[in-house]
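Next comes start_18.pdb, a file with PDB, C-alpha atoms, pLDDT in the B column.
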ATOM      1  CA  MET A  33      38.752 -40.962 -18.172  1.00 66.00           C
ATOM      2  CA  ASN A  34      40.079 -44.384 -17.276  1.00 79.00           C
ATOM      3  CA  ASN A  35      40.312 -45.856 -13.787  1.00 80.00           C
ATOM      4  CA  SER A  36      43.997 -45.040 -13.452  1.00 84.00           C
ATOM      5  CA  ASP A  37      43.451 -41.355 -14.175  1.00 87.00           C
ATOM      6  CA  LEU A  38      40.488 -41.241 -11.817  1.00 92.00           C
ATOM      7  CA  ALA A  39      42.485 -42.946  -9.085  1.00 89.00           C
ATOM      8  CA  GLN A  40      45.265 -40.397  -9.353  1.00 93.00           C
ATOM      9  CA  ILE A  41      42.813 -37.505  -9.060  1.00 94.00           C
ATOM     10  CA  LEU A  42      41.110 -39.018  -6.030  1.00 95.00           C
ATOM     11  CA  ILE A  43      44.405 -39.954  -4.380  1.00 95.00           C
ATOM     12  CA  ARG A  44      45.708 -36.435  -4.864  1.00 94.00           C
ATOM     13  CA  ALA A  45      42.557 -35.094  -3.207  1.00 95.00           C
ATOM     14  CA  VAL A  46      43.282 -37.240  -0.139  1.00 95.00           C
ATOM     15  CA  GLU A  47      46.898 -36.161   0.010  1.00 93.00           C
ATOM     16  CA  GLU A  48      46.032 -32.475  -0.355  1.00 93.00           C
ATOM     17  CA  ALA A  49      43.099 -32.394   2.081  1.00 93.00           C
ATOM     18  CA  ASP A  50      43.720 -29.564   4.554  1.00 91.00           C
ATOM     19  CA  SER A  51      40.946 -30.229   7.063  1.00 93.00           C
ATOM     20  CA  SER A  52      39.269 -33.173   8.747  1.00 94.00           C
ATOM     21  CA  ASP A  53      36.065 -32.680   6.788  1.00 94.00           C
ATOM     22  CA  ARG A  54      37.861 -32.482   3.445  1.00 95.00           C
ATOM     23  CA  LEU A  55      39.931 -35.532   4.321  1.00 95.00           C
ATOM     24  CA  LEU A  56      36.782 -37.470   5.194  1.00 96.00           C
ATOM     25  CA  ASP A  57      35.102 -36.468   1.930  1.00 96.00           C
ATOM     26  CA  ALA A  58      38.188 -37.324  -0.109  1.00 96.00           C
ATOM     27  CA  VAL A  59      38.642 -40.764   1.488  1.00 96.00           C
ATOM     28  CA  GLN A  60      34.949 -41.543   1.053  1.00 96.00           C
ATOM     29  CA  GLU A  61      35.133 -40.689  -2.658  1.00 96.00           C
ATOM     30  CA  LEU A  62      38.292 -42.729  -3.095  1.00 96.00           C
ATOM     31  CA  ALA A  63      36.791 -45.700  -1.277  1.00 96.00           C
ATOM     32  CA  ALA A  64      33.566 -45.514  -3.295  1.00 95.00           C
ATOM     33  CA  ALA A  65      35.523 -45.699  -6.557  1.00 94.00           C
ATOM     34  CA  GLY A  66      36.692 -49.232  -5.716  1.00 93.00           C
ATOM     35  CA  ILE A  67      39.894 -48.948  -7.747  1.00 94.00           C
ATOM     36  CA  GLU A  68      42.753 -51.325  -6.971  1.00 94.00           C
ATOM     37  CA  GLU A  69      45.346 -48.572  -7.281  1.00 94.00           C
ATOM     38  CA  SER A  70      43.800 -46.835  -4.297  1.00 95.00           C
ATOM     39  CA  VAL A  71      44.731 -49.614  -1.849  1.00 96.00           C
ATOM     40  CA  PRO A  72      47.982 -48.033  -0.515  1.00 95.00           C
ATOM     41  CA  THR A  73      46.264 -44.697   0.075  1.00 96.00           C
ATOM     42  CA  LEU A  74      43.290 -46.328   1.775  1.00 96.00           C
ATOM     43  CA  ILE A  75      45.648 -48.296   4.005  1.00 95.00           C
ATOM     44  CA  ALA A  76      47.482 -45.092   4.872  1.00 93.00           C
ATOM     45  CA  ALA A  77      44.136 -43.521   5.804  1.00 94.00           C
ATOM     46  CA  LEU A  78      43.746 -46.139   8.533  1.00 93.00           C
ATOM     47  CA  GLY A  79      46.496 -44.371  10.439  1.00 90.00           C
ATOM     48  CA  TYR A  80      45.068 -40.868  10.199  1.00 90.00           C
ATOM     49  CA  ASN A  81      43.590 -39.399  13.336  1.00 87.00           C
ATOM     50  CA  ASN A  82      40.186 -39.341  11.686  1.00 93.00           C
ATOM     51  CA  PRO A  83      37.784 -42.161  12.640  1.00 94.00           C
ATOM     52  CA  GLY A  84      35.322 -41.272   9.886  1.00 96.00           C
ATOM     53  CA  ALA A  85      38.022 -41.527   7.245  1.00 96.00           C
ATOM     54  CA  ALA A  86      39.196 -44.810   8.746  1.00 95.00           C
ATOM     55  CA  VAL A  87      35.691 -46.271   8.554  1.00 96.00           C
ATOM     56  CA  ALA A  88      35.422 -45.204   4.916  1.00 97.00           C
ATOM     57  CA  ALA A  89      38.844 -46.683   4.173  1.00 97.00           C
ATOM     58  CA  VAL A  90      37.880 -49.992   5.784  1.00 96.00           C
ATOM     59  CA  ASP A  91      34.701 -50.139   3.700  1.00 96.00           C
ATOM     60  CA  GLY A  92      36.698 -49.380   0.564  1.00 97.00           C
ATOM     61  CA  LEU A  93      39.300 -52.058   1.288  1.00 97.00           C
ATOM     62  CA  ILE A  94      36.593 -54.634   1.954  1.00 96.00           C
ATOM     63  CA  ALA A  95      34.900 -53.761  -1.323  1.00 96.00           C
ATOM     64  CA  ILE A  96      38.173 -54.078  -3.248  1.00 96.00           C
ATOM     65  CA  GLY A  97      38.762 -57.436  -1.574  1.00 95.00           C
ATOM     66  CA  GLU A  98      41.559 -59.945  -1.922  1.00 94.00           C
ATOM     67  CA  VAL A  99      44.149 -57.688  -3.552  1.00 95.00           C
ATOM     68  CA  ALA A 100      44.176 -55.568  -0.387  1.00 96.00           C
ATOM     69  CA  VAL A 101      45.156 -58.486   1.843  1.00 96.00           C
ATOM     70  CA  PRO A 102      48.930 -58.801   1.180  1.00 94.00           C
ATOM     71  CA  PRO A 103      49.715 -55.119   1.835  1.00 93.00           C
ATOM     72  CA  LEU A 104      47.529 -55.154   4.941  1.00 93.00           C
ATOM     73  CA  LEU A 105      49.326 -58.206   6.307  1.00 91.00           C
ATOM     74  CA  GLU A 106      52.737 -56.903   5.305  1.00 86.00           C
ATOM     75  CA  LEU A 107      52.343 -53.638   7.179  1.00 79.00           C
ATOM     76  CA  ILE A 108      50.111 -54.613  10.061  1.00 79.00           C
ATOM     77  CA  ASP A 109      52.902 -55.122  12.598  1.00 68.00           C
ATOM     78  CA  ASP A 110      54.309 -51.693  11.856  1.00 61.00           C
ATOM     79  CA  TYR A 111      51.048 -49.869  12.563  1.00 65.00           C
ATOM     80  CA  ASN A 112      50.278 -47.907  15.644  1.00 77.00           C
ATOM     81  CA  TYR A 113      47.546 -49.610  17.617  1.00 81.00           C
ATOM     82  CA  GLY A 114      44.691 -47.556  16.198  1.00 83.00           C
ATOM     83  CA  ALA A 115      45.632 -48.273  12.593  1.00 86.00           C
ATOM     84  CA  ARG A 116      46.221 -51.936  13.392  1.00 87.00           C
ATOM     85  CA  ALA A 117      42.732 -52.197  14.831  1.00 88.00           C
ATOM     86  CA  TRP A 118      41.224 -50.729  11.682  1.00 92.00           C
ATOM     87  CA  ALA A 119      43.349 -53.066   9.549  1.00 92.00           C
ATOM     88  CA  ILE A 120      42.018 -56.082  11.447  1.00 93.00           C
ATOM     89  CA  ARG A 121      38.493 -54.871  10.789  1.00 93.00           C
ATOM     90  CA  ALA A 122      39.289 -54.681   7.090  1.00 95.00           C
ATOM     91  CA  LEU A 123      40.827 -58.172   7.058  1.00 95.00           C
ATOM     92  CA  ALA A 124      37.842 -59.563   8.951  1.00 94.00           C
ATOM     93  CA  GLY A 125      35.474 -58.037   6.434  1.00 94.00           C
ATOM     94  CA  ILE A 126      37.371 -59.415   3.461  1.00 96.00           C
ATOM     95  CA  GLY A 127      37.401 -62.957   4.898  1.00 94.00           C
ATOM     96  CA  ASP A 128      40.590 -64.057   3.158  1.00 95.00           C
ATOM     97  CA  VAL A 129      42.125 -67.158   4.749  1.00 95.00           C
ATOM     98  CA  ARG A 130      45.600 -65.626   4.525  1.00 95.00           C
ATOM     99  CA  ALA A 131      44.567 -63.438   7.457  1.00 95.00           C
ATOM    100  CA  LEU A 132      43.622 -66.425   9.600  1.00 95.00           C
ATOM    101  CA  ASP A 133      46.531 -66.251  12.064  1.00 94.00           C
ATOM    102  CA  THR A 134      46.055 -62.501  12.517  1.00 93.00           C
ATOM    103  CA  LEU A 135      42.348 -62.981  13.195  1.00 95.00           C
ATOM    104  CA  PHE A 136      43.075 -65.798  15.650  1.00 95.00           C
ATOM    105  CA  GLU A 137      45.462 -63.648  17.634  1.00 93.00           C
ATOM    106  CA  ALA A 138      43.217 -60.599  17.625  1.00 93.00           C
ATOM    107  CA  ALA A 139      40.064 -62.496  18.594  1.00 94.00           C
ATOM    108  CA  LYS A 140      41.764 -64.247  21.490  1.00 94.00           C
ATOM    109  CA  THR A 141      44.092 -61.630  22.932  1.00 92.00           C
ATOM    110  CA  ASP A 142      43.410 -58.063  21.771  1.00 91.00           C
ATOM    111  CA  PHE A 143      42.552 -55.759  24.662  1.00 91.00           C
ATOM    112  CA  SER A 144      39.939 -53.863  22.601  1.00 90.00           C
ATOM    113  CA  LEU A 145      36.532 -55.517  22.658  1.00 91.00           C
ATOM    114  CA  SER A 146      35.665 -53.961  19.283  1.00 89.00           C
ATOM    115  CA  VAL A 147      38.733 -55.541  17.695  1.00 91.00           C
ATOM    116  CA  ARG A 148      37.994 -58.924  19.274  1.00 94.00           C
ATOM    117  CA  ARG A 149      34.435 -58.654  18.016  1.00 94.00           C
ATOM    118  CA  ALA A 150      35.549 -57.819  14.464  1.00 93.00           C
ATOM    119  CA  ALA A 151      38.044 -60.671  14.444  1.00 95.00           C
ATOM    120  CA  ALA A 152      35.460 -63.104  15.792  1.00 96.00           C
ATOM    121  CA  ARG A 153      33.079 -62.087  13.026  1.00 94.00           C
ATOM    122  CA  GLY A 154      35.870 -62.498  10.512  1.00 94.00           C
ATOM    123  CA  LEU A 155      36.348 -66.124  11.532  1.00 96.00           C
ATOM    124  CA  GLY A 156      32.785 -66.740  10.403  1.00 93.00           C
ATOM    125  CA  THR A 157      33.184 -65.161   6.962  1.00 91.00           C
ATOM    126  CA  LEU A 158      36.263 -67.041   5.758  1.00 93.00           C
ATOM    127  CA  ARG A 159      36.220 -68.065   2.127  1.00 93.00           C
ATOM    128  CA  TRP A 160      36.662 -71.799   2.398  1.00 91.00           C
ATOM    129  CA  HIS A 161      37.162 -72.254  -1.343  1.00 91.00           C
ATOM    130  CA  GLN A 162      40.590 -70.636  -0.864  1.00 92.00           C
ATOM    131  CA  VAL A 163      41.744 -73.488   1.378  1.00 93.00           C
ATOM    132  CA  PRO A 164      43.349 -76.496  -0.367  1.00 93.00           C
ATOM    133  CA  PRO A 165      40.905 -79.425  -0.113  1.00 92.00           C
ATOM    134  CA  GLU A 166      43.349 -81.522   1.886  1.00 94.00           C
ATOM    135  CA  LYS A 167      43.600 -78.779   4.541  1.00 94.00           C
ATOM    136  CA  VAL A 168      39.948 -77.801   4.901  1.00 93.00           C
ATOM    137  CA  GLU A 169      39.172 -80.133   7.805  1.00 93.00           C
ATOM    138  CA  SER A 170      42.295 -79.114   9.722  1.00 94.00           C
ATOM    139  CA  VAL A 171      41.653 -75.385   9.292  1.00 95.00           C
ATOM    140  CA  GLN A 172      37.969 -75.700  10.150  1.00 95.00           C
ATOM    141  CA  THR A 173      38.917 -77.575  13.317  1.00 95.00           C
ATOM    142  CA  GLN A 174      41.280 -74.745  14.258  1.00 95.00           C
ATOM    143  CA  VAL A 175      38.546 -72.187  13.716  1.00 96.00           C
ATOM    144  CA  LEU A 176      36.113 -74.270  15.749  1.00 97.00           C
ATOM    145  CA  GLU A 177      38.513 -74.490  18.692  1.00 96.00           C
ATOM    146  CA  ALA A 178      39.106 -70.747  18.549  1.00 96.00           C
ATOM    147  CA  LEU A 179      35.403 -69.881  18.419  1.00 97.00           C
ATOM    148  CA  LEU A 180      34.568 -72.197  21.315  1.00 97.00           C
ATOM    149  CA  LEU A 181      37.123 -70.284  23.355  1.00 97.00           C
ATOM    150  CA  ILE A 182      36.021 -66.857  22.109  1.00 97.00           C
ATOM    151  CA  SER A 183      32.399 -67.656  22.947  1.00 97.00           C
ATOM    152  CA  GLN A 184      33.439 -67.441  26.615  1.00 96.00           C
ATOM    153  CA  ASP A 185      34.778 -63.881  26.268  1.00 97.00           C
ATOM    154  CA  PRO A 186      33.783 -61.615  29.193  1.00 96.00           C
ATOM    155  CA  GLU A 187      32.307 -59.021  26.808  1.00 97.00           C
ATOM    156  CA  TRP A 188      28.837 -59.772  25.467  1.00 97.00           C
ATOM    157  CA  VAL A 189      29.481 -58.187  22.051  1.00 97.00           C
ATOM    158  CA  VAL A 190      32.361 -60.596  21.471  1.00 97.00           C
ATOM    159  CA  ARG A 191      30.274 -63.589  22.531  1.00 98.00           C
ATOM    160  CA  TYR A 192      27.518 -62.367  20.220  1.00 98.00           C
ATOM    161  CA  ALA A 193      29.972 -62.251  17.315  1.00 97.00           C
ATOM    162  CA  ALA A 194      31.239 -65.715  18.219  1.00 98.00           C
ATOM    163  CA  VAL A 195      27.691 -67.086  18.062  1.00 98.00           C
ATOM    164  CA  THR A 196      27.256 -65.586  14.603  1.00 97.00           C
ATOM    165  CA  SER A 197      30.441 -67.285  13.428  1.00 97.00           C
ATOM    166  CA  LEU A 198      29.593 -70.586  15.107  1.00 97.00           C
ATOM    167  CA  GLU A 199      26.350 -70.567  13.126  1.00 96.00           C
ATOM    168  CA  THR A 200      28.089 -70.147   9.773  1.00 95.00           C
ATOM    169  CA  LEU A 201      30.780 -72.651  10.727  1.00 96.00           C
ATOM    170  CA  ALA A 202      28.189 -75.236  11.733  1.00 95.00           C
ATOM    171  CA  ILE A 203      26.608 -74.970   8.312  1.00 92.00           C
ATOM    172  CA  ALA A 204      30.019 -75.244   6.635  1.00 92.00           C
ATOM    173  CA  ILE A 205      31.159 -78.328   8.552  1.00 92.00           C
ATOM    174  CA  ALA A 206      27.867 -80.165   8.164  1.00 88.00           C
ATOM    175  CA  VAL A 207      29.466 -81.777   5.098  1.00 83.00           C
ATOM    176  CA  THR A 208      33.176 -81.817   5.947  1.00 86.00           C
ATOM    177  CA  LEU A 209      33.146 -82.457   9.713  1.00 90.00           C
ATOM    178  CA  PRO A 210      29.687 -83.696  10.695  1.00 89.00           C
ATOM    179  CA  GLU A 211      31.061 -85.381  13.812  1.00 88.00           C
ATOM    180  CA  GLN A 212      32.172 -81.969  15.127  1.00 91.00           C
ATOM    181  CA  ALA A 213      28.792 -80.323  14.647  1.00 90.00           C
ATOM    182  CA  SER A 214      27.583 -81.546  18.036  1.00 91.00           C
ATOM    183  CA  ARG A 215      30.303 -79.520  19.751  1.00 95.00           C
ATOM    184  CA  ILE A 216      28.780 -76.373  18.299  1.00 96.00           C
ATOM    185  CA  THR A 217      25.211 -77.299  19.165  1.00 94.00           C
ATOM    186  CA  ASN A 218      26.268 -78.238  22.711  1.00 95.00           C
ATOM    187  CA  GLN A 219      28.099 -74.935  23.176  1.00 97.00           C
ATOM    188  CA  LEU A 220      25.141 -72.962  21.879  1.00 97.00           C
ATOM    189  CA  GLN A 221      22.787 -74.775  24.218  1.00 97.00           C
ATOM    190  CA  GLN A 222      25.080 -74.097  27.152  1.00 97.00           C
ATOM    191  CA  MET A 223      25.140 -70.419  26.239  1.00 98.00           C
ATOM    192  CA  LEU A 224      21.380 -70.363  25.922  1.00 97.00           C
ATOM    193  CA  ASP A 225      21.082 -71.849  29.400  1.00 97.00           C
ATOM    194  CA  THR A 226      23.736 -69.805  31.164  1.00 97.00           C
ATOM    195  CA  ASP A 227      24.664 -66.578  29.349  1.00 97.00           C
ATOM    196  CA  VAL A 228      23.713 -63.538  31.404  1.00 97.00           C
ATOM    197  CA  ASP A 229      22.988 -61.325  28.397  1.00 97.00           C
ATOM    198  CA  LEU A 230      19.555 -61.446  26.767  1.00 97.00           C
ATOM    199  CA  GLY A 231      20.933 -60.291  23.411  1.00 97.00           C
ATOM    200  CA  VAL A 232      23.385 -63.179  23.301  1.00 98.00           C
ATOM    201  CA  ARG A 233      20.711 -65.707  24.274  1.00 98.00           C
ATOM    202  CA  THR A 234      18.389 -64.346  21.599  1.00 97.00           C
ATOM    203  CA  ARG A 235      21.125 -64.644  18.983  1.00 97.00           C
ATOM    204  CA  VAL A 236      21.815 -68.205  20.136  1.00 98.00           C
ATOM    205  CA  LYS A 237      18.170 -69.152  19.568  1.00 97.00           C
ATOM    206  CA  PHE A 238      18.307 -67.674  16.087  1.00 96.00           C
ATOM    207  CA  ALA A 239      21.486 -69.636  15.365  1.00 96.00           C
ATOM    208  CA  GLN A 240      19.911 -72.848  16.603  1.00 96.00           C
ATOM    209  CA  GLU A 241      16.977 -72.334  14.273  1.00 95.00           C
ATOM    210  CA  LYS A 242      19.313 -71.816  11.316  1.00 93.00           C
ATOM    211  CA  ILE A 243      21.483 -74.806  12.180  1.00 92.00           C
ATOM    212  CA  GLN A 244      18.705 -77.237  13.013  1.00 81.00           C
ATOM    213  CA  PRO A 245      15.755 -76.349  10.786  1.00 64.00           C
ATOM    214  CA  GLN A 246      14.628 -79.957  10.592  1.00 36.00           C
ATOM    215  CA  GLN A 247      14.515 -80.274  14.362  1.00 38.00           C
ATOM    216  CA  HIS A 248      12.377 -77.171  14.679  1.00 44.00           C
ATOM    217  CA  GLN A 249      10.146 -78.390  11.886  1.00 41.00           C
ATOM    218  CA  GLU A 250       9.578 -81.639  13.772  1.00 32.00           C
ATOM    219  CA  GLN A 251       8.811 -79.737  16.952  1.00 40.00           C
ATOM    220  CA  HIS A 252       6.294 -77.648  15.050  1.00 44.00           C
ATOM    221  CA  GLN A 253       4.670 -80.778  13.677  1.00 45.00           C
ATOM    222  CA  GLU A 254       4.374 -82.218  17.177  1.00 42.00           C
ATOM    223  CA  MET A 255       2.597 -79.095  18.370  1.00 46.00           C
ATOM    224  CA  PHE A 256       0.404 -78.845  15.283  1.00 49.00           C
ATOM    225  CA  PRO A 257      -0.039 -82.330  13.800  1.00 51.00           C
ATOM    226  CA  PRO A 258      -0.809 -82.240  10.083  1.00 51.00           C
ATOM    227  CA  LYS A 259      -4.303 -83.139   9.043  1.00 48.00           C
ATOM    228  CA  ILE A 260      -4.530 -86.636   7.615  1.00 44.00           C
ATOM    229  CA  LYS A 261      -6.689 -87.018   4.578  1.00 44.00           C
ATOM    230  CA  LEU A 262      -8.508 -90.320   4.518  1.00 43.00           C
ATOM    231  CA  GLN A 263      -8.628 -91.933   1.144  1.00 47.00           C
ATOM    232  CA  ASN A 264     -10.453 -95.054  -0.010  1.00 47.00           C
ATOM    233  CA  THR A 265     -11.828 -95.546   3.457  1.00 42.00           C
ATOM    234  CA  GLU A 266     -15.110 -97.307   3.635  1.00 43.00           C
ATOM    235  CA  VAL A 267     -17.451 -95.772   6.161  1.00 41.00           C
ATOM    236  CA  PRO A 268     -20.112 -98.215   7.355  1.00 44.00           C
ATOM    237  CA  GLU A 269     -23.611 -97.118   6.626  1.00 45.00           C
ATOM    238  CA  VAL A 270     -25.404 -95.920   9.702  1.00 44.00           C
ATOM    239  CA  PRO A 271     -28.976 -97.181   9.712  1.00 46.00           C
ATOM    240  CA  HIS A 272     -31.775 -94.706  10.058  1.00 45.00           C
ATOM    241  CA  ARG A 273     -33.547 -94.623  13.382  1.00 43.00           C
ATOM    242  CA  GLY A 274     -35.625 -97.670  13.643  1.00 47.00           C
ATOM    243  CA  GLY A 275     -34.195 -99.069  10.445  1.00 46.00           C
ATOM    244  CA  GLY A 276     -33.417-102.439  12.049  1.00 46.00           C
ATOM    245  CA  ARG A 277     -36.680-102.848  13.923  1.00 44.00           C
ATOM    246  CA  ARG A 278     -39.476-105.146  12.987  1.00 41.00           C
TER     247      ARG A 278
END

Serialized structure, structure tokens:
Amino acid sequence: MNNSDLAQILIRAVEEADSSDRLLDAVQELAAAGIEESVPTLIAALGYNNPGAAVAAVDGLIAIGEVAVPPLLELIDDYNYGARAWAIRALAGIGDVRALDTLFEAAKTDFSLSVRRAAARGLGTLRWHQVPPEKVESVQTQVLEALLLISQDPEWVVRYAAVTSLETLAIAIAVTLPEQASRITNQLQQMLDTDVDLGVRTRVKFAQEKIQPQQHQEQHQEMFPPKIKLQNTEVPEVPHRGGGRR
């Protein structure tokens, strides 16, 4: 049985499911198959009143990847809110730069904290190789500005996601925009000093350690200086007691 035949069988199972449990099982099997032909059906599953099926569909779309992006973007404005939220999660997980404007909007303005969190995470998983070389710096600057704003979100889970994305962005721009890296490190330090949530502050410290490994290595060396091995050092002979007496 080829993939096309399998896809048709699995799609039919989704369409003919007559209960929530059967629908969930059918969508999970379709998503696990990872077949490109299943994309329209998986996208349709985002709009079903079945959160479990929606989660499975999102996972399946992420696994299929880039080919799912155009239909998601084409239909996203026509979705009811629930389906649109799931679609944004799928786009965030795929990390395709074609979804950048949608992720910007969702991360900054969506009323659902879970959607803002997903979009914020998506800004940290963008596939930079998809951006034309002459546009990389401009796009990375846009993402930086957005994440600096999102890192001030009133919800801690969104700030947490922003920190995660600031970490990956800092590593990415170390080569392309080194002069902007200090803006990220300054923002992280401010969050470490002022954020009211312990989880966010802990994630900031982890990010700082990933971004500045050399700095932490130097701090470690200051606390625990390396042992210095003396080589070719002449040690003067110490006379025995009374050796110099007459």

TODO: Name every residue that the PyMOL selection byres ((chain A and resi 61-63) around 12) selects in this structure, writing the answer as a PyMOL selection string with chains first and numbers rising.
DONE: chain A and resi 35+38-47+54-60+64-75+77+85-97

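Proximity ranking of A:Ala138, A:Ala202, A:Leu158, A:Ala152 relative to Ile182 of chain A places A:Ala152 first, based on only C-alpha atoms.
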
Task: Coordinates-based distance that separates atom CA of Thr208 of chain A from atom CA of Phe238 of chain A (Å, one decimal) - done: 22.9 Å

Task: Residue among A:Arg153, A:Val101, A:Pro210, A:Arg191 lying closest to Val228 of chain A, counting only C-alpha atoms - done: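 Smallest separation from Val228 of chain A among the options: A:Arg191.
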
- [ ] Find the spatial neighbours of Leu181 of chain A, counting only C-alpha atoms, within a cut-off of 10 Å - ignore same-chain residues fewer than 5 positions away - and output them as a ChimeraX atom specification.
- [x] /A:139-140,175-176,191,194

Which residues are near Arg130 of chain A? Cut-off 9 Å, all atoms listed in the file, ignore same chain within fewer than 5 positions. Put them as a tab-separated table (two decimals) with C-alpha atoms, in the coordinates of the input.
chain	number	residue	atom	x	y	z
A	101	VAL	CA	45.16	-58.49	1.84
A	102	PRO	CA	48.93	-58.80	1.18
A	105	LEU	CA	49.33	-58.21	6.31
A	162	GLN	CA	40.59	-70.64	-0.86

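The coordinates place atom CA of Tyr113 of chain A at 11.7 Å from atom CA of Tyr80 of chain A.
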
Task: Shell of 10 Å around Asp229 of chain A, only C-alpha atoms, local chain residues under 5 positions omitted, as a PyMOL selection string - done: chain A and resi 187-189+191-192+223-224+234

Put those residues in a file: C-alpha atoms, as a PDB file, in the frame of the given file.
ATOM      1  CA  GLU A 187      32.307 -59.021  26.808  1.00 97.00           C
ATOM      2  CA  TRP A 188      28.837 -59.772  25.467  1.00 97.00           C
ATOM      3  CA  VAL A 189      29.481 -58.187  22.051  1.00 97.00           C
ATOM      4  CA  ARG A 191      30.274 -63.589  22.531  1.00 98.00           C
ATOM      5  CA  TYR A 192      27.518 -62.367  20.220  1.00 98.00           C
ATOM      6  CA  MET A 223      25.140 -70.419  26.239  1.00 98.00           C
ATOM      7  CA  LEU A 224      21.380 -70.363  25.922  1.00 97.00           C
ATOM      8  CA  THR A 234      18.389 -64.346  21.599  1.00 97.00           C
TER       9      THR A 234
END

Open item on the list: Can you translate the PyMOL selection byres ((chain A and resi 126) around 7) into the concrete residues it hits in this file, as a list of chain:residue names?
Closed with: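 Residues picked by the PyMOL selection byres ((chain A and resi 126) around 7): A:Ile94, A:Gly97, A:Glu98, A:Ala122, A:Leu123, A:Ala124, A:Gly125, A:Gly127, A:Asp128.
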
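The space separating atom CA of Val195 of chain A from atom CA of Arg116 of chain A comes to 24.4 Å.
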
- [ ] Measuring atom to atom with only C-alpha atoms, identify which of A:Leu220, A:Leu155, A:Ala76, A:Val163 is nearest to Leu201 of chain A.
- [x] A:Leu155

TODO: Give the answer as one residue: which of A:Ala49, A:Ala131, A:Leu78, A:Val232 has the shortest atom-to-atom distance to Asp185 of chain A, using only C-alpha atoms?
DONE: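 Among the listed residues, the smallest separation from Asp185 of chain A belongs to A:Val232.
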